[in-house]
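One file, start-v3.cif, is given below (mmCIF, C-alpha atoms).
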```
data_structure
loop_
_atom_site.label_atom_id
_atom_site.label_comp_id
_atom_site.auth_asym_id
_atom_site.auth_seq_id
_atom_site.Cartn_x
_atom_site.Cartn_y
_atom_site.Cartn_z
CA MET A 1 72.18 105.62 102.91
CA ALA A 2 74.09 108.70 101.79
CA GLU A 3 75.38 109.58 98.33
CA ILE A 4 78.98 110.52 97.75
CA SER A 5 80.31 111.62 94.35
CA PHE A 6 83.91 111.70 93.28
CA PRO A 7 85.23 114.01 90.62
CA LEU A 8 87.91 113.11 88.13
CA PRO A 9 91.21 114.04 89.76
CA ASP A 10 94.00 115.83 87.93
CA LEU A 11 96.01 112.83 86.81
CA GLY A 12 99.05 114.75 85.61
CA GLU A 13 100.32 118.23 85.94
CA GLY A 14 97.49 120.49 85.05
CA LEU A 15 95.57 118.11 82.80
CA LEU A 16 91.99 119.21 82.16
CA GLU A 17 90.27 116.02 80.99
CA ALA A 18 90.47 112.30 80.40
CA THR A 19 88.69 109.76 78.21
CA VAL A 20 86.86 106.84 79.75
CA LEU A 21 88.32 103.64 78.32
CA GLU A 22 86.50 101.06 80.36
CA TRP A 23 84.37 100.91 83.49
CA LEU A 24 85.61 98.09 85.71
CA VAL A 25 82.40 98.17 87.77
CA LYS A 26 78.73 98.53 86.96
CA VAL A 27 75.80 100.21 88.65
CA GLY A 28 74.76 98.22 91.71
CA ASP A 29 78.21 96.73 92.34
CA GLN A 30 79.66 96.80 95.83
CA VAL A 31 83.09 98.39 95.50
CA GLU A 32 85.78 98.14 98.15
CA ARG A 33 88.20 100.86 99.04
CA ASN A 34 91.26 100.91 96.74
CA GLN A 35 89.50 98.66 94.21
CA PRO A 36 90.14 99.91 90.65
CA PHE A 37 86.82 101.07 89.20
CA VAL A 38 87.66 102.72 85.88
CA GLU A 39 90.41 102.91 83.31
CA VAL A 40 90.85 106.35 81.79
CA GLU A 41 93.25 107.73 79.21
CA THR A 42 94.87 111.13 79.31
CA THR A 43 97.20 112.70 76.81
CA LYS A 44 100.03 111.22 78.84
CA SER A 45 98.95 107.73 79.82
CA SER A 46 96.11 105.40 80.60
CA VAL A 47 95.55 104.58 84.25
CA GLU A 48 93.22 102.63 86.48
CA LEU A 49 91.71 104.72 89.26
CA PRO A 50 91.22 103.15 92.71
CA SER A 51 88.05 103.87 94.65
CA PRO A 52 88.65 106.19 97.60
CA ILE A 53 85.82 104.59 99.59
CA ALA A 54 83.72 101.46 99.88
CA GLY A 55 80.15 101.73 98.62
CA ILE A 56 77.55 100.67 96.09
CA VAL A 57 77.83 102.22 92.63
CA LEU A 58 74.85 104.48 91.93
CA THR A 59 75.93 106.39 88.82
CA LEU A 60 78.74 106.19 86.29
CA HIS A 61 79.12 109.66 84.78
CA GLY A 62 79.99 108.82 81.18
CA LYS A 63 80.26 105.95 78.72
CA PRO A 64 83.44 104.42 77.28
CA GLY A 65 84.82 106.93 74.79
CA ASP A 66 83.30 109.92 76.60
CA VAL A 67 85.54 112.76 77.70
CA VAL A 68 85.19 113.65 81.37
CA LEU A 69 86.51 116.89 82.81
CA VAL A 70 88.76 117.23 85.84
CA ASP A 71 86.77 118.21 88.93
CA ARG A 72 83.47 117.09 87.34
CA PRO A 73 81.67 114.05 88.84
CA LEU A 74 83.07 110.72 87.67
CA ILE A 75 81.28 108.20 89.89
CA THR A 76 78.62 108.34 92.61
CA PHE A 77 78.39 105.84 95.45
CA ALA A 78 75.71 105.01 97.96
CA VAL A 79 77.36 104.52 101.34
CA ALA A 80 75.97 103.54 104.72
CA ASP A 81 75.13 106.50 106.94
CA ASP A 82 77.35 105.15 109.68
CA SER A 83 80.39 104.82 107.44
CA ALA A 84 83.61 106.13 108.93
CA GLY A 85 84.69 109.72 108.72
CA ILE A 86 87.01 111.25 106.21
CA VAL A 87 89.53 108.48 106.85
CA GLY A 88 89.26 104.87 107.90
CA THR A 89 86.53 102.27 107.55
CA VAL A 90 83.93 100.83 109.89
CA PRO A 91 85.28 97.56 111.31
CA GLN A 92 83.23 94.57 110.22
CA GLU A 93 81.94 92.41 113.04
CA ALA A 94 82.96 88.90 112.10
CA ALA A 95 82.61 85.73 114.11
CA PRO A 96 85.81 85.33 116.14
CA LYS A 97 88.27 82.95 114.48
CA ARG A 98 90.88 80.92 116.28
CA ARG A 99 93.71 78.57 115.42
CA VAL A 100 95.03 78.12 118.95
CA ARG A 101 93.43 75.65 121.34
CA LEU A 102 94.20 75.65 125.03
CA SER A 103 95.58 72.37 126.32
CA VAL A 104 96.31 72.54 129.97
CA VAL A 105 96.32 70.19 132.89
CA LEU A 106 95.35 72.35 135.82
CA ASP A 107 96.95 71.02 138.96
CA GLU A 108 94.92 73.04 141.42
CA ASP A 109 95.86 72.70 145.03
CA MET B 1 65.36 98.53 156.02
CA SER B 2 66.16 101.54 153.94
CA GLU B 3 69.03 99.63 152.37
CA VAL B 4 66.69 96.88 151.23
CA LEU B 5 64.28 99.38 149.72
CA GLU B 6 67.16 101.14 148.04
CA GLY B 7 68.25 97.81 146.56
CA VAL B 8 64.76 97.15 145.25
CA ARG B 9 64.57 100.55 143.62
CA LYS B 10 67.87 100.07 141.86
CA THR B 11 67.03 96.67 140.46
CA ALA B 12 63.65 97.79 139.12
CA PRO B 13 63.56 97.54 135.31
CA THR B 14 64.62 100.73 133.60
CA PRO B 15 64.09 101.65 129.96
CA LEU B 16 67.09 100.82 127.83
CA VAL B 17 67.99 102.36 124.48
CA GLN B 18 70.14 100.74 121.83
CA LEU B 19 72.94 103.18 121.08
CA SER B 20 76.32 103.04 119.42
CA MET B 21 79.22 104.50 121.36
CA GLN B 22 79.31 107.56 119.10
CA GLN B 23 75.59 108.12 119.78
CA ALA B 24 76.03 107.54 123.51
CA ILE B 25 78.84 110.10 123.67
CA ASN B 26 76.73 112.51 121.61
CA ARG B 27 73.91 112.15 124.16
CA ALA B 28 76.29 112.68 127.05
CA LEU B 29 77.76 115.80 125.45
CA GLY B 30 74.27 117.19 124.86
CA GLU B 31 73.34 116.63 128.49
CA ILE B 32 76.57 118.21 129.73
CA LEU B 33 75.94 121.33 127.62
CA GLU B 34 72.33 121.46 128.83
CA ARG B 35 73.19 121.27 132.50
CA ASP B 36 76.41 123.24 132.62
CA ASP B 37 76.37 126.75 131.13
CA ARG B 38 80.14 126.89 131.35
CA ALA B 39 80.74 123.77 129.28
CA LEU B 40 82.14 124.41 125.80
CA ILE B 41 82.96 122.02 122.96
CA PHE B 42 85.54 122.85 120.33
CA GLY B 43 87.95 121.20 117.95
CA GLU B 44 88.52 120.48 114.29
CA ASP B 45 85.23 119.95 112.41
CA VAL B 46 83.19 119.43 115.58
CA GLY B 47 80.79 122.28 114.75
CA VAL B 48 79.37 122.58 111.25
CA LEU B 49 80.33 119.04 110.23
CA GLY B 50 79.46 117.42 113.55
CA GLY B 51 82.80 115.64 113.86
CA VAL B 52 84.43 113.18 111.49
CA PHE B 53 82.96 110.36 113.60
CA ARG B 54 79.59 112.18 113.97
CA VAL B 55 80.14 112.34 117.71
CA THR B 56 79.24 116.06 117.96
CA ASP B 57 76.49 115.79 115.33
CA GLY B 58 73.73 118.38 115.80
CA LEU B 59 75.25 119.99 118.89
CA GLN B 60 76.13 123.28 117.20
CA GLN B 61 72.57 123.59 115.85
CA ARG B 62 71.20 122.92 119.34
CA PHE B 63 73.54 125.04 121.43
CA GLY B 64 74.88 127.62 119.00
CA ALA B 65 78.31 128.43 117.63
CA ASN B 66 79.36 130.18 120.84
CA ARG B 67 79.32 126.91 122.75
CA VAL B 68 80.19 124.38 120.02
CA PHE B 69 82.73 125.73 117.58
CA ASP B 70 85.32 124.80 114.99
CA THR B 71 88.97 125.60 115.49
CA PRO B 72 91.89 125.98 113.13
CA LEU B 73 93.94 122.84 112.44
CA ALA B 74 96.28 123.57 115.32
CA GLU B 75 96.11 121.18 118.27
CA SER B 76 98.52 123.23 120.35
CA GLY B 77 96.11 126.14 119.97
CA ILE B 78 93.09 123.97 120.81
CA LEU B 79 94.68 122.97 124.10
CA GLY B 80 96.01 126.45 124.77
CA THR B 81 92.48 127.78 124.28
CA ALA B 82 91.13 125.16 126.65
CA ILE B 83 93.66 126.09 129.31
CA GLY B 84 92.87 129.81 129.02
CA LEU B 85 89.13 129.16 129.12
CA ALA B 86 89.54 126.95 132.19
CA MET B 87 91.49 129.75 133.90
CA ALA B 88 88.56 132.05 133.11
CA GLY B 89 86.10 129.67 134.76
CA PHE B 90 84.83 127.65 131.81
CA HIS B 91 84.61 123.85 131.56
CA PRO B 92 86.13 123.11 128.16
CA ILE B 93 85.60 119.77 126.40
CA PRO B 94 88.03 120.04 123.48
CA GLU B 95 88.46 117.30 120.91
CA VAL B 96 91.65 116.21 119.21
CA GLN B 97 90.34 114.68 116.00
CA PHE B 98 92.65 111.65 115.97
CA ASP B 99 95.10 110.48 118.62
CA GLY B 100 98.02 110.96 116.25
CA PHE B 101 97.16 114.66 116.13
CA ALA B 102 97.64 114.93 119.89
CA TYR B 103 101.41 115.14 119.53
CA PRO B 104 101.46 118.86 118.64
CA ALA B 105 99.34 119.44 121.77
CA VAL B 106 101.53 117.41 124.09
CA ASN B 107 103.58 120.44 125.09
CA GLN B 108 100.46 122.31 126.22
CA ILE B 109 99.09 119.19 127.92
CA ILE B 110 102.25 118.39 129.89
CA THR B 111 103.73 121.79 130.62
CA GLN B 112 100.50 123.72 131.29
CA LEU B 113 97.30 121.69 131.54
CA ALA B 114 98.62 118.95 133.83
CA ARG B 115 100.42 121.24 136.27
CA MET B 116 98.48 124.50 136.38
CA ASN B 117 96.61 123.43 139.49
CA TYR B 118 99.88 122.43 141.16
CA ARG B 119 101.70 125.55 140.03
CA SER B 120 98.95 127.87 141.26
CA ARG B 121 98.61 126.04 144.59
CA GLY B 122 95.06 125.10 143.73
CA ARG B 123 93.90 128.55 142.61
CA LEU B 124 93.68 127.56 138.94
CA PRO B 125 92.15 124.10 138.63
CA MET B 126 91.84 122.76 135.10
CA PRO B 127 88.40 121.16 134.65
CA VAL B 128 89.20 120.17 131.06
CA THR B 129 87.97 116.93 129.48
CA LEU B 130 90.03 116.21 126.38
CA ARG B 131 88.27 113.79 124.06
CA VAL B 132 90.70 111.76 121.95
CA PRO B 133 89.44 109.18 119.43
CA SER B 134 92.05 106.55 120.17
CA PHE B 135 93.69 103.28 119.21
CA GLY B 136 93.47 101.42 115.91
CA GLY B 137 91.11 99.05 114.21
CA ILE B 138 89.63 101.25 111.47
CA ARG B 139 92.39 100.83 108.90
CA ALA B 140 93.26 104.47 108.96
CA PRO B 141 96.50 105.91 107.56
CA GLU B 142 99.50 106.92 109.63
CA HIS B 143 98.89 109.34 112.53
CA HIS B 144 95.22 108.32 112.69
CA GLY B 145 95.71 105.39 115.02
CA GLU B 146 97.98 105.42 118.06
CA SER B 147 97.93 104.08 121.58
CA LEU B 148 99.00 106.95 123.79
CA GLU B 149 97.74 105.83 127.19
CA SER B 150 101.12 105.21 128.75
CA LEU B 151 102.32 108.62 127.55
CA PHE B 152 99.39 110.41 129.19
CA ALA B 153 99.31 108.17 132.26
CA HIS B 154 102.94 109.00 132.95
CA VAL B 155 102.17 112.70 133.44
CA PRO B 156 101.41 113.76 137.02
CA GLY B 157 98.25 115.83 137.16
CA LEU B 158 96.33 114.05 134.41
CA LYS B 159 93.59 111.49 134.77
CA VAL B 160 93.16 109.01 131.93
CA VAL B 161 90.09 106.91 131.20
CA SER B 162 88.96 104.72 128.30
CA PRO B 163 85.40 103.35 128.00
CA SER B 164 84.86 99.95 126.40
CA ASN B 165 81.14 100.11 125.59
CA PRO B 166 78.35 102.66 125.00
CA GLN B 167 77.00 102.55 128.55
CA GLN B 168 80.38 103.27 130.05
CA ALA B 169 81.13 105.96 127.49
CA TYR B 170 77.87 107.72 128.37
CA ARG B 171 78.41 107.60 132.12
CA LEU B 172 82.17 108.04 132.28
CA LEU B 173 82.15 111.09 130.00
CA LYS B 174 79.59 112.88 132.17
CA HIS B 175 81.58 111.86 135.23
CA ALA B 176 84.86 113.07 133.71
CA ALA B 177 83.30 116.40 132.73
CA SER B 178 82.17 116.97 136.32
CA MET B 179 85.69 116.55 137.70
CA PRO B 180 87.89 119.49 138.70
CA ASP B 181 90.94 117.82 137.11
CA PRO B 182 92.06 117.46 133.52
CA VAL B 183 90.89 114.11 132.14
CA ILE B 184 92.10 112.50 128.92
CA PHE B 185 89.07 110.63 127.59
CA MET B 186 90.30 107.98 125.16
CA GLU B 187 87.45 106.83 122.91
CA PRO B 188 88.19 103.51 121.17
CA LYS B 189 87.45 104.31 117.51
CA ALA B 190 87.07 100.65 116.63
CA ARG B 191 84.06 100.48 118.98
CA TYR B 192 82.30 103.67 117.84
CA TRP B 193 79.71 101.85 115.73
CA ASN B 194 78.85 98.86 117.94
CA LYS B 195 75.43 99.21 119.47
CA ALA B 196 74.51 98.09 122.96
CA ALA B 197 71.82 98.78 125.51
CA VAL B 198 72.32 102.06 127.35
CA ASP B 199 70.40 103.08 130.44
CA LEU B 200 69.88 106.83 130.09
CA THR B 201 67.58 107.21 133.07
CA ASP B 202 69.68 106.13 136.01
CA ASP B 203 71.90 109.12 136.13
CA GLN B 204 74.00 108.16 139.12
CA GLY B 205 74.34 104.61 137.92
CA SER B 206 74.27 101.58 140.17
CA VAL B 207 77.85 100.69 139.19
CA SER B 208 80.66 102.87 140.49
CA LEU B 209 82.26 105.19 137.95
CA GLU B 210 85.61 104.88 139.66
CA GLY B 211 88.07 102.06 139.23
CA SER B 212 87.80 98.90 137.19
CA VAL B 213 84.90 96.54 136.50
CA ILE B 214 84.72 92.81 135.97
CA ALA B 215 83.36 92.40 132.44
CA ARG B 216 83.16 88.60 132.79
CA PRO B 217 83.82 86.50 135.87
CA GLY B 218 86.09 83.46 135.72
CA ASN B 219 88.44 81.55 137.97
CA HIS B 220 91.45 80.26 136.01
CA ALA B 221 93.16 83.52 134.98
CA THR B 222 92.42 87.23 134.63
CA LEU B 223 92.63 89.03 131.30
CA ILE B 224 93.28 92.73 132.00
CA ALA B 225 92.37 95.14 129.21
CA TRP B 226 90.88 98.53 128.37
CA GLY B 227 89.26 100.27 125.41
CA ALA B 228 88.74 98.14 122.31
CA MET B 229 90.77 95.24 123.75
CA VAL B 230 88.02 94.50 126.28
CA SER B 231 85.63 93.18 123.66
CA ARG B 232 88.42 91.14 122.10
CA CYS B 233 89.27 89.64 125.48
CA LEU B 234 85.58 88.80 125.97
CA GLN B 235 85.72 86.88 122.67
CA VAL B 236 88.84 85.09 123.88
CA ALA B 237 87.11 84.18 127.15
CA GLU B 238 84.20 82.77 125.17
CA LEU B 239 86.56 80.58 123.11
CA ALA B 240 88.61 79.52 126.14
CA ALA B 241 85.42 78.31 127.79
CA GLU B 242 85.09 75.78 124.94
CA ASP B 243 88.39 74.34 126.16
CA GLY B 244 87.23 74.25 129.76
CA ILE B 245 89.15 77.36 130.82
CA GLU B 246 87.18 80.06 132.63
CA LEU B 247 88.85 83.43 132.09
CA GLU B 248 87.95 86.52 134.05
CA VAL B 249 87.99 89.75 132.04
CA LEU B 250 88.84 92.86 134.02
CA ASP B 251 88.07 96.13 132.26
CA LEU B 252 90.56 98.53 133.82
CA ARG B 253 88.68 101.67 132.57
CA TRP B 254 90.79 104.20 134.51
CA LEU B 255 94.38 104.11 133.30
CA LYS B 256 95.33 106.84 135.75
CA PRO B 257 94.75 106.38 138.59
CA ILE B 258 94.91 102.57 138.22
CA ASP B 259 92.56 100.54 140.38
CA GLU B 260 95.20 98.63 142.36
CA ALA B 261 92.65 97.15 144.75
CA GLY B 262 90.47 95.89 141.89
CA LEU B 263 93.46 94.26 140.19
CA ALA B 264 94.56 92.63 143.44
CA ALA B 265 91.07 91.36 144.23
CA SER B 266 90.69 89.66 140.86
CA VAL B 267 94.16 88.18 140.49
CA SER B 268 94.37 86.98 144.07
CA ARG B 269 91.34 84.83 143.22
CA THR B 270 92.43 83.62 139.76
CA ARG B 271 96.17 83.58 140.60
CA ARG B 272 97.16 84.21 137.00
CA ALA B 273 97.10 87.39 134.92
CA ILE B 274 97.52 88.39 131.29
CA VAL B 275 97.48 92.09 130.41
CA VAL B 276 96.51 92.97 126.84
CA HIS B 277 97.06 96.32 125.11
CA GLU B 278 97.56 97.80 121.67
CA GLY B 279 100.48 100.05 122.52
CA PRO B 280 104.11 98.92 122.20
CA ARG B 281 105.32 96.59 124.93
CA THR B 282 108.36 98.47 126.21
CA ASN B 283 107.27 100.94 128.87
CA GLY B 284 103.67 100.25 127.94
CA LEU B 285 100.95 100.42 130.57
CA GLY B 286 101.09 96.62 130.79
CA ALA B 287 104.45 96.92 132.54
CA GLU B 288 102.87 99.07 135.26
CA VAL B 289 99.94 96.68 135.60
CA ALA B 290 102.30 93.70 135.79
CA ALA B 291 104.37 95.40 138.48
CA LEU B 292 101.30 96.27 140.55
CA VAL B 293 99.90 92.75 140.27
CA SER B 294 103.26 91.16 141.08
CA GLN B 295 103.55 93.31 144.17
CA SER B 296 100.03 92.80 145.49
CA CYS B 297 99.69 89.12 144.55
CA PHE B 298 103.29 87.89 144.83
CA ASP B 299 102.39 85.11 147.24
CA THR B 300 99.41 83.82 145.30
CA LEU B 301 100.57 84.18 141.69
CA ARG B 302 101.10 80.85 139.97
CA ALA B 303 102.95 82.33 136.98
CA PRO B 304 104.66 85.56 135.98
CA VAL B 305 102.23 88.16 134.62
CA GLU B 306 102.05 87.78 130.85
CA ARG B 307 101.87 90.74 128.46
CA VAL B 308 100.21 90.50 125.04
CA THR B 309 100.79 93.84 123.36
CA GLY B 310 101.58 95.72 120.20
CA PHE B 311 105.17 95.56 119.02
CA ASP B 312 107.95 98.08 119.56
CA VAL B 313 107.38 99.69 116.18
CA PRO B 314 105.45 102.77 115.07
CA TYR B 315 101.71 102.06 115.08
CA PRO B 316 101.23 100.72 111.55
CA SER B 317 98.70 102.13 109.13
CA GLY B 318 95.71 100.30 107.65
CA ASP B 319 96.74 97.07 106.04
CA LEU B 320 99.30 96.04 108.68
CA GLU B 321 97.01 96.66 111.65
CA ASP B 322 95.92 93.05 111.96
CA GLU B 323 99.53 91.96 112.35
CA TYR B 324 100.12 94.52 115.08
CA ILE B 325 97.04 94.63 117.30
CA PRO B 326 96.86 91.62 119.64
CA ASN B 327 94.56 89.11 117.96
CA ILE B 328 92.64 86.21 119.41
CA ASP B 329 95.41 83.67 118.81
CA ARG B 330 98.13 85.82 120.33
CA ILE B 331 96.01 86.34 123.43
CA LEU B 332 95.23 82.61 123.62
CA PHE B 333 98.97 81.85 123.41
CA GLY B 334 99.48 84.24 126.31
CA VAL B 335 96.82 82.42 128.29
CA GLN B 336 98.42 79.08 127.45
CA ARG B 337 101.85 80.28 128.61
CA VAL B 338 100.43 81.41 131.93
CA LEU B 339 98.39 78.25 132.49
CA GLU B 340 101.20 75.81 131.69
CA TYR B 341 103.84 77.62 133.72
CA ARG B 342 105.28 75.49 136.50
CA ARG B 343 107.54 76.71 139.25
CA GLY B 344 110.83 75.16 139.48
#
```

Structure re-expressed in structure tokens:
Amino acid sequence: MAEISFPLPDLGEGLLEATVLEWLVKVGDQVERNQPFVEVETTKSSVELPSPIAGIVLTLHGKPGDVVLVDRPLITFAVADDSAGIVGTVPQEAAPKRRVRLSVVLDED
Amino acid sequence: MSEVLEGVRKTAPTPLVQLSMQQAINRALGEILERDDRALIFGEDVGVLGGVFRVTDGLQQRFGANRVFDTPLAESGILGTAIGLAMAGFHPIPEVQFDGFAYPAVNQIITQLARMNYRSRGRLPMPVTLRVPSFGGIRAPEHHGESLESLFAHVPGLKVVSPSNPQQAYRLLKHAASMPDPVIFMEPKARYWNKAAVDLTDDQGSVSLEGSVIARPGNHATLIAWGAMVSRCLQVAELAAEDGIELEVLDLRWLKPIDEAGLAASVSRTRRAIVVHEGPRTNGLGAEVAALVSQSCFDTLRAPVERVTGFDVPYPSGDLEDEYIPNIDRILFGVQRVLEYRRG
């Protein structure tokens, strides 16, 4: 497993910080890509932030009410070592599913 | 007598290693660099990072930054560099990080790489192996998943190959790198992480590295596929068997030149063919395959060759991929259409 941290992004135009309103995940949760994981409030608005990757939550950097700074770590994930590169996700091997059945009378000659 | 002994030697058990395709390609690249002083690897993030898919992981540490190096984000320059190095006697193995990034390099590929040997009357061969992580299936954003085989296969002077499993990737890459011609090596991203047994000891291989291979024998129809679609067609064949239909799966492997004899041999036995690919249907490689099969098997075909393909739309990003890439049901419908066809 590898650890990947994400910093608080600049949510407006040159904002420096945001306040954690509510964590939508807890340590140990499996988070999917694009799943909202925190609600933060800036001087302009409150927003839910989507997770940029899939992984297991290792650390939440701050409690509700805490001020977190832009570019400082916000959340740390544990991800599988063989996770995809900078973009994309590793395809999950699922049992093949079908809805179509073949119904054929073969008239071999 | 010697033939018998040869046969015995080849069937003797050999040690197998479980490797993913990315690991198998990494091994092959390491061996190529070890054996060939003139081989060079370069591209975006292939050096320090080891590639976004970890395919070149550790190679810069092993062979140094003169032989494995990072380039600017400029695919035209990557290919231009490869062409110049090939003219100077090197054996470049450049990488284009994602197939969608190959478009800026297409000018260099078509107007220089593919025809330098022809233009120079054989004095400037281009032993360049261009690795292109290809096709979809990893839910990547736009320009990170394409299906460019018919574009490349249309260009005289290029060879195009796509492995479908780790063993083939390992062998075909080494084979491609030993060729005097430019080869576009299309690695199916969706299959990078699937592990399978790879025989690293039998260097020559007991299976030919040219042409197509039968991935599964069957007698009612032939599914023709390459890259990531081979494993999907194998799943379809497994399901069809539940319905009493035995499908043959032909892994085309080389998309240029196409193994016409291999196609004819399979379809003349099964008498029905379905070609499956991710790229758009119109002018896709399936049209070429269908034409070749129709010509060579016209008298034995029981139904027109069916195509199950992507749609004539830009390759969609992430969430729409499943609607675009041929899925099991669409392939089964194709099989059904071919099996129930009656002349008349």

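Here CA of Asp71 (chain A) stands at a distance of 25.5 Å from CA of Glu44 (chain B).
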
key: Ground truth for the PyMOL selection byres ((chain B) within 7 of (chain A)), written as a PyMOL selection string   = chain B and resi 52-53+137-140+190+235+240+243+328-329+332+336+339-340

message = Can you measure CA of Gln22 (chain B) to CA of Gly43 (chain B) for me? One decimal in Å is fine.
response = 16.2 Å

request  = Determine, counting all atoms listed in the file, which protein, DNA and RNA residues have an atom within 12 Å of an atom of Ala114 (chain B); residues of the same chain fewer than 4 positions away are not included. Present the result as a count of residues only.
outcome  = 31

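For the pair CA of Gln60 (chain B) and CA of Gln112 (chain B), the interatomic distance is 28.2 Å.
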
query = Out of B:Thr222, B:Asn283, B:Ser76, B:Ser134, which residue has the shortest atom-to-atom distance to Leu113 (chain B) when counting all atoms listed in the file?
reply =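 The shortest atom-to-atom distance to Leu113 (chain B) comes from B:Ser76.
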
Exercise: residues within 6 Å of coordinate (72.7, 104.8, 127.8), counting all atoms listed in the file, as a ChimeraX atom specification = /B:167,170,198-200

request  = Could you tell me which residues the PyMOL selection byres ((chain B and resi 59) around 10) returns for this structure, as a list in words?
outcome  =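 For this structure, the PyMOL selection byres ((chain B and resi 59) around 10) resolves to Asn26, Arg27, Leu29, Gly30, Leu33, Ile41, Val46, Gly47, Val48, Gly50, Val55, Thr56, Asp57, Gly58, Gln60, Gln61, Arg62, Phe63, Gly64, Ala65, Arg67, Val68 and Phe69 of chain B.
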
Just so the selection is clear, what residues does the PyMOL selection byres ((chain B and resi 305) around 10) cover here, as a PDB file with C-alpha atoms, in the coordinates of the input?
```pdb
ATOM      1  CA  THR B 222      92.420  87.230 134.630  1.00  0.00           C
ATOM      2  CA  VAL B 267      94.160  88.180 140.490  1.00  0.00           C
ATOM      3  CA  ARG B 271      96.170  83.580 140.600  1.00  0.00           C
ATOM      4  CA  ARG B 272      97.160  84.210 137.000  1.00  0.00           C
ATOM      5  CA  ALA B 273      97.100  87.390 134.920  1.00  0.00           C
ATOM      6  CA  ILE B 274      97.520  88.390 131.290  1.00  0.00           C
ATOM      7  CA  VAL B 275      97.480  92.090 130.410  1.00  0.00           C
ATOM      8  CA  GLY B 286     101.090  96.620 130.790  1.00  0.00           C
ATOM      9  CA  ALA B 287     104.450  96.920 132.540  1.00  0.00           C
ATOM     10  CA  VAL B 289      99.940  96.680 135.600  1.00  0.00           C
ATOM     11  CA  ALA B 290     102.300  93.700 135.790  1.00  0.00           C
ATOM     12  CA  ALA B 291     104.370  95.400 138.480  1.00  0.00           C
ATOM     13  CA  VAL B 293      99.900  92.750 140.270  1.00  0.00           C
ATOM     14  CA  SER B 294     103.260  91.160 141.080  1.00  0.00           C
ATOM     15  CA  LEU B 301     100.570  84.180 141.690  1.00  0.00           C
ATOM     16  CA  ARG B 302     101.100  80.850 139.970  1.00  0.00           C
ATOM     17  CA  ALA B 303     102.950  82.330 136.980  1.00  0.00           C
ATOM     18  CA  PRO B 304     104.660  85.560 135.980  1.00  0.00           C
ATOM     19  CA  GLU B 306     102.050  87.780 130.850  1.00  0.00           C
ATOM     20  CA  ARG B 307     101.870  90.740 128.460  1.00  0.00           C
ATOM     21  CA  GLY B 334      99.480  84.240 126.310  1.00  0.00           C
ATOM     22  CA  ARG B 337     101.850  80.280 128.610  1.00  0.00           C
ATOM     23  CA  VAL B 338     100.430  81.410 131.930  1.00  0.00           C
TER      24      VAL B 338
END
```

message = I'd like the contact shell of Glu13 (chain A) - 12 Å cut-off, only C-alpha atoms, skipping same-chain residues fewer than 4 positions apart - returned as a list in words.
response =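 Within the cut-off, the hits are Pro9, Glu17, Thr42, Thr43, Lys44 and Val70 of chain A.
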
Using the atoms already present, construct N, CA and C atoms for region 27-37 of chain A and hand them back as a PDB file, in the coordinates of the input.
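Generated file (rebuild-v1.pdb):
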```
ATOM      1  N   VAL A  27      76.752  99.686  87.675  1.00  0.00           N
ATOM      2  CA  VAL A  27      75.800 100.210  88.650  1.00  0.00           C
ATOM      3  C   VAL A  27      75.254  99.053  89.484  1.00  0.00           C
ATOM      4  N   GLY A  28      75.244  99.256  90.806  1.00  0.00           N
ATOM      5  CA  GLY A  28      74.760  98.220  91.710  1.00  0.00           C
ATOM      6  C   GLY A  28      75.865  97.393  92.338  1.00  0.00           C
ATOM      7  N   ASP A  29      77.088  97.503  91.783  1.00  0.00           N
ATOM      8  CA  ASP A  29      78.210  96.730  92.340  1.00  0.00           C
ATOM      9  C   ASP A  29      78.625  97.294  93.702  1.00  0.00           C
ATOM     10  N   GLN A  30      79.007  96.391  94.571  1.00  0.00           N
ATOM     11  CA  GLN A  30      79.660  96.800  95.830  1.00  0.00           C
ATOM     12  C   GLN A  30      81.153  96.933  95.542  1.00  0.00           C
ATOM     13  N   VAL A  31      81.686  98.119  95.775  1.00  0.00           N
ATOM     14  CA  VAL A  31      83.090  98.390  95.500  1.00  0.00           C
ATOM     15  C   VAL A  31      83.814  98.577  96.826  1.00  0.00           C
ATOM     16  N   GLU A  32      84.986  97.979  96.935  1.00  0.00           N
ATOM     17  CA  GLU A  32      85.780  98.140  98.150  1.00  0.00           C
ATOM     18  C   GLU A  32      86.766  99.285  97.964  1.00  0.00           C
ATOM     19  N   ARG A  33      87.233  99.784  99.096  1.00  0.00           N
ATOM     20  CA  ARG A  33      88.200 100.860  99.040  1.00  0.00           C
ATOM     21  C   ARG A  33      89.467 100.365  98.335  1.00  0.00           C
ATOM     22  N   ASN A  34      90.034 101.196  97.507  1.00  0.00           N
ATOM     23  CA  ASN A  34      91.260 100.910  96.740  1.00  0.00           C
ATOM     24  C   ASN A  34      91.029  99.944  95.580  1.00  0.00           C
ATOM     25  N   GLN A  35      89.791  99.528  95.362  1.00  0.00           N
ATOM     26  CA  GLN A  35      89.500  98.660  94.210  1.00  0.00           C
ATOM     27  C   GLN A  35      89.466  99.515  92.945  1.00  0.00           C
ATOM     28  N   PRO A  36      90.197  99.134  91.889  1.00  0.00           N
ATOM     29  CA  PRO A  36      90.140  99.910  90.650  1.00  0.00           C
ATOM     30  C   PRO A  36      88.725  99.882  90.091  1.00  0.00           C
ATOM     31  N   PHE A  37      88.200 101.051  89.687  1.00  0.00           N
ATOM     32  CA  PHE A  37      86.820 101.070  89.200  1.00  0.00           C
ATOM     33  C   PHE A  37      86.699 101.587  87.777  1.00  0.00           C
TER      34      PHE A  37
END
```
